[in-house]
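Have a look at the structure below before the remarks.
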Amino acid sequence: MQAFRSLLFSVGMIVSTIIVTVGSSFFVLFPFTLRSKLIRTYAVFNVWSLRVLCGIRYEVKGRENIPDENFIIFSSHQSTWETMALQLIFPPLSFVIKKELLYVPFFGWALAMLKPVAVKRGTGRFALKQLIEKGTQRLKENIVVIIFPEGTRIAPDATVEYKRGGGMLAEKSGYPVVPVAHNAGYYWPKRGFMKKPGLITIHIGKAIPTKGRKAKEILNDAEAFISSHIEPAHFD
């Protein structure tokens, strides 16, 4: 039965992806805040259907730590789930993505509507320069920038060295970093089709100051919070 429910969810996600990516072509003339709200319905629908069909719920601890002023998010990256759910918790987000994704018909156009920080990977210092310049510009536009410092999805119990790009953006821009930890990978694994019912727990940490600090220090503080707040699985 859970396999059937997972299949239904996957079909619904594919259909909603097609509808939103095609429909987003008509949003290009709208202001960013309105575009963001319209495309956000995709996240709302899929997080809702995941709960209804697959029994995956979530709770948020530390909402009071979300700053009033603009900030950068460093989040653990374990699943597709957080790319949608974090849009429901925080103000409009600008994701750091591979620039190549913008060239995908319809899907890339929808991404462009959200003003992502698109970086051409594999270009070394040029990619880092792009991240700092574009990321700082989004922050000045009062758009929250979200970075997954691991650089890729990893299992909840795995560890990798954090990429320095996010730390450099924080160091150069001076905007505070809000660390976010969660355990979504237990319920929606990176390569797993089966969705496992249970409760995802998200922890939002206090803002990490960045002014006058080096990237490595900032990354270390974020990693310490995230690694210590990934809770064990709570399956239903």
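Chain labels run A, B, ... following the order of the structure tokens; each chain numbers its residues from 1, and ligands are numbered from 1 in the order shown.
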Practice task
Just list the residues in range 74-165 of chain A DSSP gives helix (DSSP H, G or I) on the backbone, as a ChimeraX atom specification.
Solution key: /A:81-89,99-103,107-113,125-140,164-165
Determine, counting only C-alpha atoms, which protein, DNA and RNA residues have an atom within 10 Å of an atom of Pro197 in chain A; residues of the same chain fewer than 4 positions away are not included. Present the result as a compact mmCIF listing (two decimals) with N, CA and C atoms, in the first residue's frame.
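As a result, selection37.txt now contains:
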```
# COMPACT_ATOMS: atom_id res chain seq x y z
N GLN A 2 1.97 1.25 0.78
CA GLN A 2 2.82 2.43 0.82
C GLN A 2 3.47 2.68 -0.53
N LEU A 50 2.12 15.03 0.04
CA LEU A 50 3.03 14.08 0.68
C LEU A 50 2.51 13.69 2.06
N ARG A 51 1.91 14.64 2.76
CA ARG A 51 1.32 14.33 4.07
C ARG A 51 0.08 13.46 3.93
N LEU A 53 -1.01 11.58 1.26
CA LEU A 53 -0.83 10.29 0.59
C LEU A 53 0.19 9.39 1.28
N CYS A 54 1.28 9.99 1.76
CA CYS A 54 2.38 9.17 2.27
C CYS A 54 2.59 9.28 3.77
N GLY A 55 1.83 10.14 4.42
CA GLY A 55 1.91 10.23 5.87
C GLY A 55 3.16 10.91 6.40
N ILE A 56 3.78 11.76 5.58
CA ILE A 56 4.97 12.48 6.02
C ILE A 56 4.58 13.87 6.51
N ARG A 57 4.72 14.06 7.81
CA ARG A 57 4.39 15.34 8.45
C ARG A 57 5.68 16.05 8.82
N TYR A 186 15.47 10.55 6.00
CA TYR A 186 14.96 9.26 6.50
C TYR A 186 13.65 8.88 5.84
N TYR A 187 12.87 9.88 5.46
CA TYR A 187 11.51 9.64 4.97
C TYR A 187 11.41 9.73 3.45
N TRP A 188 12.25 10.55 2.85
CA TRP A 188 12.31 10.67 1.39
C TRP A 188 13.80 10.57 1.02
N HIS A 234 11.65 9.25 13.27
CA HIS A 234 10.45 8.97 14.06
C HIS A 234 9.37 8.45 13.11
N PHE A 235 9.49 7.19 12.73
CA PHE A 235 8.55 6.59 11.78
C PHE A 235 7.22 6.28 12.44
N ASP A 236 6.15 6.37 11.66
CA ASP A 236 4.81 6.03 12.15
C ASP A 236 4.54 4.55 11.90
```
Completion exercise
Between A:Glu223, A:Glu231, A:Glu59, A:Asp68, smallest distance to Pro156 in chain A by only C-alpha atoms belongs to A:Glu231
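Proximity of A:Ile143, A:Ala184, A:Ile73, A:Ala43 to Asp157 in chain A, computed with only C-alpha atoms, is greatest for A:Ala184.
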Completion exercise
Counting only C-alpha atoms, closest pick from A:Arg40, A:Arg153, A:Lys129, A:Arg35 relative to Ser16 in chain A is A:Arg40
Practice task
Would you list the contacts of Met168 in chain A as number ranges by chain, taking every protein, DNA or RNA residue within 7 Å and counting only C-alpha atoms, but skipping same-chain residues closer than 4 positions in sequence?
Solution key: A: 164, 172, 215
Problem - Selected residue, from A:Phe26, A:Tyr58, A:Phe225, A:Tyr175, that lies nearest to Asn70 in chain A when counting only C-alpha atoms - result: A:Tyr175
Handout entry: Polymer residues at most 8 Å from range 112-116 of chain A, only C-alpha atoms, same-chain spacing of 3 or more positions, as a ChimeraX atom specification
Key = /A:24,27-28,32,35-36,93-97,102,108-109,138
Keeping only C-alpha atoms, take the residues you just selected and write them out as a PDB file, in the first residue's frame.
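Listing of out_35.pdb after writing:
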```
ATOM      1  CA  SER A  24       5.158  30.232 -15.100  1.00  0.00           C
ATOM      2  CA  PHE A  27       4.282  35.261 -14.801  1.00  0.00           C
ATOM      3  CA  VAL A  28       7.280  37.023 -16.317  1.00  0.00           C
ATOM      4  CA  PHE A  32       9.000  39.142  -7.967  1.00  0.00           C
ATOM      5  CA  ARG A  35       5.709  35.523  -8.958  1.00  0.00           C
ATOM      6  CA  SER A  36       7.159  33.891  -5.871  1.00  0.00           C
ATOM      7  CA  LEU A  93      13.982  32.440  -1.289  1.00  0.00           C
ATOM      8  CA  SER A  94      16.693  32.648  -3.915  1.00  0.00           C
ATOM      9  CA  PHE A  95      18.295  29.226  -4.324  1.00  0.00           C
ATOM     10  CA  VAL A  96      21.917  28.769  -5.363  1.00  0.00           C
ATOM     11  CA  ILE A  97      21.701  26.475  -8.410  1.00  0.00           C
ATOM     12  CA  LEU A 102      18.123  27.491 -16.493  1.00  0.00           C
ATOM     13  CA  GLY A 108      14.481  26.361 -16.276  1.00  0.00           C
ATOM     14  CA  TRP A 109      12.179  29.232 -17.156  1.00  0.00           C
ATOM     15  CA  ARG A 138      19.822  39.238  -4.119  1.00  0.00           C
TER      16      ARG A 138
END
```
Exercise for the section: Report the residues of range 32-127 of chain A whose backbone DSSP state falls under strand (DSSP E), written as a list of chain:residue names. Expected result: A:Ile56, A:Arg57, A:Tyr58, A:Glu59, A:Val60, A:Lys61, A:Ile72, A:Ile73, A:Phe74, A:Ser75, A:Leu93, A:Ser94, A:Phe95, A:Val96, A:Ile97, A:Lys98, A:Val117, A:Ala118, A:Val119
Would you mind listing what lies within 7 Å of Ile226 in chain A as a PDB file with N, CA and C atoms, in the first residue's frame, with only C-alpha atoms counted and same-chain residues fewer than 2 positions away left out?
```pdb
ATOM      1  N   SER A  76      20.957  21.840   5.842  1.00  0.00           N
ATOM      2  CA  SER A  76      21.358  20.484   5.475  1.00  0.00           C
ATOM      3  C   SER A  76      20.550  20.063   4.249  1.00  0.00           C
ATOM      4  N   PRO A 179      21.343  28.865  10.472  1.00  0.00           N
ATOM      5  CA  PRO A 179      21.530  27.438  10.197  1.00  0.00           C
ATOM      6  C   PRO A 179      20.229  26.659  10.353  1.00  0.00           C
ATOM      7  N   VAL A 180      20.010  25.714   9.465  1.00  0.00           N
ATOM      8  CA  VAL A 180      18.782  24.906   9.491  1.00  0.00           C
ATOM      9  C   VAL A 180      19.154  23.431   9.390  1.00  0.00           C
ATOM     10  N   ALA A 181      18.686  22.650  10.341  1.00  0.00           N
ATOM     11  CA  ALA A 181      18.922  21.206  10.346  1.00  0.00           C
ATOM     12  C   ALA A 181      17.590  20.470  10.240  1.00  0.00           C
ATOM     13  N   ALA A 222      28.086  27.035  11.666  1.00  0.00           N
ATOM     14  CA  ALA A 222      26.878  26.475  11.045  1.00  0.00           C
ATOM     15  C   ALA A 222      26.909  24.951  11.086  1.00  0.00           C
ATOM     16  N   GLU A 223      28.054  24.384  10.779  1.00  0.00           N
ATOM     17  CA  GLU A 223      28.171  22.921  10.771  1.00  0.00           C
ATOM     18  C   GLU A 223      27.968  22.343  12.171  1.00  0.00           C
ATOM     19  N   ALA A 224      28.488  23.027  13.183  1.00  0.00           N
ATOM     20  CA  ALA A 224      28.332  22.550  14.555  1.00  0.00           C
ATOM     21  C   ALA A 224      26.860  22.490  14.943  1.00  0.00           C
ATOM     22  N   SER A 228      24.593  18.763  15.112  1.00  0.00           N
ATOM     23  CA  SER A 228      24.109  18.405  16.449  1.00  0.00           C
ATOM     24  C   SER A 228      22.590  18.465  16.573  1.00  0.00           C
ATOM     25  N   HIS A 229      21.899  18.871  15.500  1.00  0.00           N
ATOM     26  CA  HIS A 229      20.440  19.001  15.573  1.00  0.00           C
ATOM     27  C   HIS A 229      19.700  18.158  14.539  1.00  0.00           C
ATOM     28  N   ILE A 230      20.375  17.194  13.941  1.00  0.00           N
ATOM     29  CA  ILE A 230      19.683  16.257  13.042  1.00  0.00           C
ATOM     30  C   ILE A 230      19.157  15.112  13.900  1.00  0.00           C
TER      31      ILE A 230
END
```
Handout entry: A:Pro67, A:Gly151, A:Pro232, A:Pro105 ranked by distance to Asn183 in chain A, top pick (using only C-alpha atoms)
Key = A:Pro232
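Minimum distance to Leu34 in chain A across A:Phe106, A:Leu219, A:Ala155, A:Pro92 (counting only C-alpha atoms) occurs at A:Pro92.
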